[in-house]
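Visitor: Dropping a structure here in structure tokens format, bear with me for questions.
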Amino acid sequence: MLLNQKTLILIKPDGLKRRLSGTIIQRLENKGLRLTAMRLLKVSDEMARKHYSVHEGKPFFKDLVEYITSDPVVAIIMEGNNAISVVRNLVGATDGSKASPGTIRGDYAISIEKNIIHASDSEESYNHEWPIFFSQKDIVAFTYGDEQLF
Ligand code: CMP
């Protein structure tokens with residue numbers, strides 16, 4: 001059990017523009033995850049290339065960078081027990097048309113590119129991703145009033 005693990009989440013431009021930010025944050029909070037940092041921002045080309053550097057050279061890399069920089073995103077750090085695998089399970093398969101109903105992509109996405117949300121897939125990815133969007137001072141510690149119930 002990885003206590004208080006952190007994960008980096010991006011509500012992608014399609015999620016933001018479809019007014020799904022609140023719904024997505026609500027679903028993650030309902031699970032028991034804790035908001036730790038959050039900002040609304042336009043991703044620069046440099047940030048996008050760094051964030052998606054593992055995909056550099058793949059046929060979809062150019063479109064991926066163009067898409068994530070096309071409109072703002074909501075960047076979030078959430079924290080909780082096994083947060084990386086918990087969030088990946090809630091998010092569902094990469095391709096929205098194949099993601100299981102009940103997952104975020106399964107319920108709201110039908111595309112592999114416009115798939116609503118990004119979430120770190122490993123601790124290594126989280127360590128690479130979070131400093132692209134946040135600095136240490138953005139990370140805020142607090143406890144929800146009902147935290148002992150989770
Ligand atoms: P994300 O979780 O943001 O991480 C990388 C993204 O690349 C992924 O979501 C998809 O949106 C996108 N992606 C992965 N595989 C493909 C593919 N075969 N074609 C187009 N986009 C892809």
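Chain lettering (A, B, ...) mirrors the order of the structure tokens, residue numbering begins at 1 for each chain separately, and ligand numbering begins at 1 in order of display.
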Report as a Markdown table: every residue of chain A with an atom at most 10 Å from ligand 1, its closest pair of atoms, and their distance in Å to one decimal, counting only C-alpha atoms and all ligand atoms, with rows sorted by chain and ascending residue number.

Guide:
| residue | atom | partner | partner_atom_place_in_ligand_line | distance |
| --- | --- | --- | --- | --- |
| A:Ile9 | CA | ligand 1 | 2 (O) | 9.2 |
| A:Leu10 | CA | ligand 1 | 3 (O) | 7.9 |
| A:Ile11 | CA | ligand 1 | 3 (O) | 9.4 |
| A:Lys12 | CA | ligand 1 | 3 (O) | 8.0 |
| A:His51 | CA | ligand 1 | 3 (O) | 9.1 |
| A:Tyr52 | CA | ligand 1 | 5 (C) | 6.7 |
| A:Ser53 | CA | ligand 1 | 5 (C) | 9.8 |
| A:Val54 | CA | ligand 1 | 5 (C) | 8.8 |
| A:His55 | CA | ligand 1 | 5 (C) | 7.3 |
| A:Lys58 | CA | ligand 1 | 18 (N) | 8.5 |
| A:Pro59 | CA | ligand 1 | 19 (N) | 7.6 |
| A:Phe60 | CA | ligand 1 | 20 (C) | 5.0 |
| A:Phe61 | CA | ligand 1 | 7 (O) | 7.4 |
| A:Lys62 | CA | ligand 1 | 21 (N) | 9.7 |
| A:Asp63 | CA | ligand 1 | 21 (N) | 7.7 |
| A:Leu64 | CA | ligand 1 | 7 (O) | 6.1 |
| A:Val65 | CA | ligand 1 | 7 (O) | 9.2 |
| A:Tyr67 | CA | ligand 1 | 11 (O) | 9.1 |
| A:Ile68 | CA | ligand 1 | 3 (O) | 8.5 |
| A:Arg88 | CA | ligand 1 | 2 (O) | 9.1 |
| A:Val91 | CA | ligand 1 | 2 (O) | 9.1 |
| A:Gly92 | CA | ligand 1 | 2 (O) | 9.8 |
| A:Ala93 | CA | ligand 1 | 2 (O) | 8.9 |
| A:Thr94 | CA | ligand 1 | 9 (O) | 5.7 |
| A:Asp95 | CA | ligand 1 | 10 (C) | 7.1 |
| A:Gly96 | CA | ligand 1 | 11 (O) | 9.1 |
| A:Ser111 | CA | ligand 1 | 11 (O) | 8.1 |
| A:Ile112 | CA | ligand 1 | 11 (O) | 5.0 |
| A:Glu113 | CA | ligand 1 | 11 (O) | 3.8 |
| A:Lys114 | CA | ligand 1 | 11 (O) | 6.2 |
| A:Asn115 | CA | ligand 1 | 11 (O) | 5.8 |
| A:Ile116 | CA | ligand 1 | 11 (O) | 8.4 |
| A:Ile117 | CA | ligand 1 | 3 (O) | 6.6 |
| A:His118 | CA | ligand 1 | 2 (O) | 4.1 |
| A:Ala119 | CA | ligand 1 | 2 (O) | 5.9 |
| A:Ser120 | CA | ligand 1 | 2 (O) | 7.5 |
| A:Asp121 | CA | ligand 1 | 2 (O) | 8.0 |

Visitor: DSSP on the backbone: which residues in segment 9-48 of chain A end up as strand (DSSP E)? Give the answer as a PDB file with all heavy atoms, in the first residue's frame.

Guide:
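And here's result_12.pdb as it stands now:
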ATOM      1  N   ILE A   9      -2.992  14.939 -12.809  1.00  0.00           N
ATOM      2  CA  ILE A   9      -4.179  14.788 -13.662  1.00  0.00           C
ATOM      3  C   ILE A   9      -4.312  16.030 -14.526  1.00  0.00           C
ATOM      4  O   ILE A   9      -4.128  17.152 -14.029  1.00  0.00           O
ATOM      5  CB  ILE A   9      -5.438  14.627 -12.768  1.00  0.00           C
ATOM      6  CG1 ILE A   9      -5.358  13.320 -11.969  1.00  0.00           C
ATOM      7  CG2 ILE A   9      -6.725  14.691 -13.586  1.00  0.00           C
ATOM      8  CD1 ILE A   9      -6.164  13.329 -10.692  1.00  0.00           C
ATOM      9  N   LEU A  10      -4.616  15.849 -15.807  1.00  0.00           N
ATOM     10  CA  LEU A  10      -4.969  16.980 -16.669  1.00  0.00           C
ATOM     11  C   LEU A  10      -6.383  16.757 -17.170  1.00  0.00           C
ATOM     12  O   LEU A  10      -6.670  15.688 -17.743  1.00  0.00           O
ATOM     13  CB  LEU A  10      -4.043  17.078 -17.880  1.00  0.00           C
ATOM     14  CG  LEU A  10      -2.552  17.291 -17.622  1.00  0.00           C
ATOM     15  CD1 LEU A  10      -1.803  17.312 -18.962  1.00  0.00           C
ATOM     16  CD2 LEU A  10      -2.300  18.582 -16.850  1.00  0.00           C
ATOM     17  N   ILE A  11      -7.257  17.726 -16.944  1.00  0.00           N
ATOM     18  CA  ILE A  11      -8.542  17.716 -17.643  1.00  0.00           C
ATOM     19  C   ILE A  11      -8.250  18.400 -18.969  1.00  0.00           C
ATOM     20  O   ILE A  11      -7.889  19.575 -19.015  1.00  0.00           O
ATOM     21  CB  ILE A  11      -9.642  18.431 -16.834  1.00  0.00           C
ATOM     22  CG1 ILE A  11      -9.831  17.720 -15.477  1.00  0.00           C
ATOM     23  CG2 ILE A  11     -10.953  18.459 -17.634  1.00  0.00           C
ATOM     24  CD1 ILE A  11     -10.794  18.406 -14.539  1.00  0.00           C
ATOM     25  N   ARG A  34      -7.696  13.336  -2.417  1.00  0.00           N
ATOM     26  CA  ARG A  34      -7.593  14.689  -1.858  1.00  0.00           C
ATOM     27  C   ARG A  34      -6.970  15.637  -2.888  1.00  0.00           C
ATOM     28  O   ARG A  34      -5.920  15.329  -3.450  1.00  0.00           O
ATOM     29  CB  ARG A  34      -6.713  14.633  -0.608  1.00  0.00           C
ATOM     30  CG  ARG A  34      -6.704  15.872   0.236  1.00  0.00           C
ATOM     31  CD  ARG A  34      -5.758  15.723   1.439  1.00  0.00           C
ATOM     32  NE  ARG A  34      -5.946  14.465   2.143  1.00  0.00           N
ATOM     33  CZ  ARG A  34      -5.024  13.488   2.210  1.00  0.00           C
ATOM     34  NH1 ARG A  34      -3.849  13.628   1.647  1.00  0.00           N
ATOM     35  NH2 ARG A  34      -5.288  12.382   2.859  1.00  0.00           N
ATOM     36  N   LEU A  35      -7.623  16.778  -3.123  1.00  0.00           N
ATOM     37  CA  LEU A  35      -7.025  17.820  -3.961  1.00  0.00           C
ATOM     38  C   LEU A  35      -5.789  18.343  -3.258  1.00  0.00           C
ATOM     39  O   LEU A  35      -5.831  18.639  -2.058  1.00  0.00           O
ATOM     40  CB  LEU A  35      -8.003  18.977  -4.161  1.00  0.00           C
ATOM     41  CG  LEU A  35      -9.081  18.809  -5.217  1.00  0.00           C
ATOM     42  CD1 LEU A  35     -10.094  19.946  -5.077  1.00  0.00           C
ATOM     43  CD2 LEU A  35      -8.487  18.804  -6.611  1.00  0.00           C
ATOM     44  N   THR A  36      -4.701  18.467  -3.995  1.00  0.00           N
ATOM     45  CA  THR A  36      -3.432  18.898  -3.397  1.00  0.00           C
ATOM     46  C   THR A  36      -2.883  20.142  -4.098  1.00  0.00           C
ATOM     47  O   THR A  36      -2.197  20.949  -3.501  1.00  0.00           O
ATOM     48  CB  THR A  36      -2.411  17.735  -3.474  1.00  0.00           C
ATOM     49  OG1 THR A  36      -3.008  16.604  -2.838  1.00  0.00           O
ATOM     50  CG2 THR A  36      -1.117  18.056  -2.781  1.00  0.00           C
ATOM     51  N   ALA A  37      -3.204  20.288  -5.392  1.00  0.00           N
ATOM     52  CA  ALA A  37      -2.820  21.482  -6.159  1.00  0.00           C
ATOM     53  C   ALA A  37      -3.704  21.530  -7.390  1.00  0.00           C
ATOM     54  O   ALA A  37      -4.110  20.482  -7.908  1.00  0.00           O
ATOM     55  CB  ALA A  37      -1.348  21.414  -6.575  1.00  0.00           C
ATOM     56  N   MET A  38      -4.022  22.745  -7.835  1.00  0.00           N
ATOM     57  CA  MET A  38      -4.895  22.853  -9.019  1.00  0.00           C
ATOM     58  C   MET A  38      -4.703  24.199  -9.702  1.00  0.00           C
ATOM     59  O   MET A  38      -4.599  25.213  -9.040  1.00  0.00           O
ATOM     60  CB  MET A  38      -6.361  22.695  -8.599  1.00  0.00           C
ATOM     61  CG  MET A  38      -7.332  22.762  -9.740  1.00  0.00           C
ATOM     62  SD  MET A  38      -8.912  21.971  -9.377  1.00  0.00           S
ATOM     63  CE  MET A  38      -9.532  23.026  -8.101  1.00  0.00           C
ATOM     64  N   ARG A  39      -4.634  24.183 -11.036  1.00  0.00           N
ATOM     65  CA  ARG A  39      -4.613  25.434 -11.790  1.00  0.00           C
ATOM     66  C   ARG A  39      -5.205  25.268 -13.193  1.00  0.00           C
ATOM     67  O   ARG A  39      -5.168  24.177 -13.766  1.00  0.00           O
ATOM     68  CB  ARG A  39      -3.199  26.026 -11.863  1.00  0.00           C
ATOM     69  CG  ARG A  39      -2.123  25.145 -12.401  1.00  0.00           C
ATOM     70  CD  ARG A  39      -0.748  25.806 -12.297  1.00  0.00           C
ATOM     71  NE  ARG A  39      -0.605  26.948 -13.168  1.00  0.00           N
ATOM     72  CZ  ARG A  39       0.434  27.116 -14.015  1.00  0.00           C
ATOM     73  NH1 ARG A  39       1.412  26.240 -14.074  1.00  0.00           N
ATOM     74  NH2 ARG A  39       0.496  28.177 -14.777  1.00  0.00           N
ATOM     75  N   LEU A  40      -5.780  26.369 -13.686  1.00  0.00           N
ATOM     76  CA  LEU A  40      -6.292  26.440 -15.053  1.00  0.00           C
ATOM     77  C   LEU A  40      -5.236  27.157 -15.876  1.00  0.00           C
ATOM     78  O   LEU A  40      -4.806  28.248 -15.494  1.00  0.00           O
ATOM     79  CB  LEU A  40      -7.595  27.234 -15.057  1.00  0.00           C
ATOM     80  CG  LEU A  40      -8.255  27.537 -16.395  1.00  0.00           C
ATOM     81  CD1 LEU A  40      -8.792  26.274 -17.043  1.00  0.00           C
ATOM     82  CD2 LEU A  40      -9.402  28.532 -16.196  1.00  0.00           C
ATOM     83  N   LEU A  41      -4.780  26.541 -16.974  1.00  0.00           N
ATOM     84  CA  LEU A  41      -3.708  27.170 -17.739  1.00  0.00           C
ATOM     85  C   LEU A  41      -3.721  26.730 -19.193  1.00  0.00           C
ATOM     86  O   LEU A  41      -4.288  25.687 -19.526  1.00  0.00           O
ATOM     87  CB  LEU A  41      -2.340  26.830 -17.137  1.00  0.00           C
ATOM     88  CG  LEU A  41      -1.839  25.397 -17.371  1.00  0.00           C
ATOM     89  CD1 LEU A  41      -0.340  25.373 -17.402  1.00  0.00           C
ATOM     90  CD2 LEU A  41      -2.357  24.454 -16.306  1.00  0.00           C
TER      91      LEU A  41
END

Visitor: Tell me, in Å to one decimal, how far atom CA of Ile104 of chain A is from atom CA of Gly22 of chain A.

Guide: 12.4 Å

Visitor: Nearest residue to Lys42 of chain A out of A:Arg19, A:Arg27, A:Glu66, A:Val74, using only C-alpha atoms?

Guide: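 Residue with the minimum atom-to-atom distance to Lys42 of chain A: A:Val74.
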
Visitor: Counting only C-alpha atoms, which residue out of A:Leu90, A:Leu33, A:Ala83, A:Met78 sits closest to Leu2 of chain A?

Guide: A:Ala83
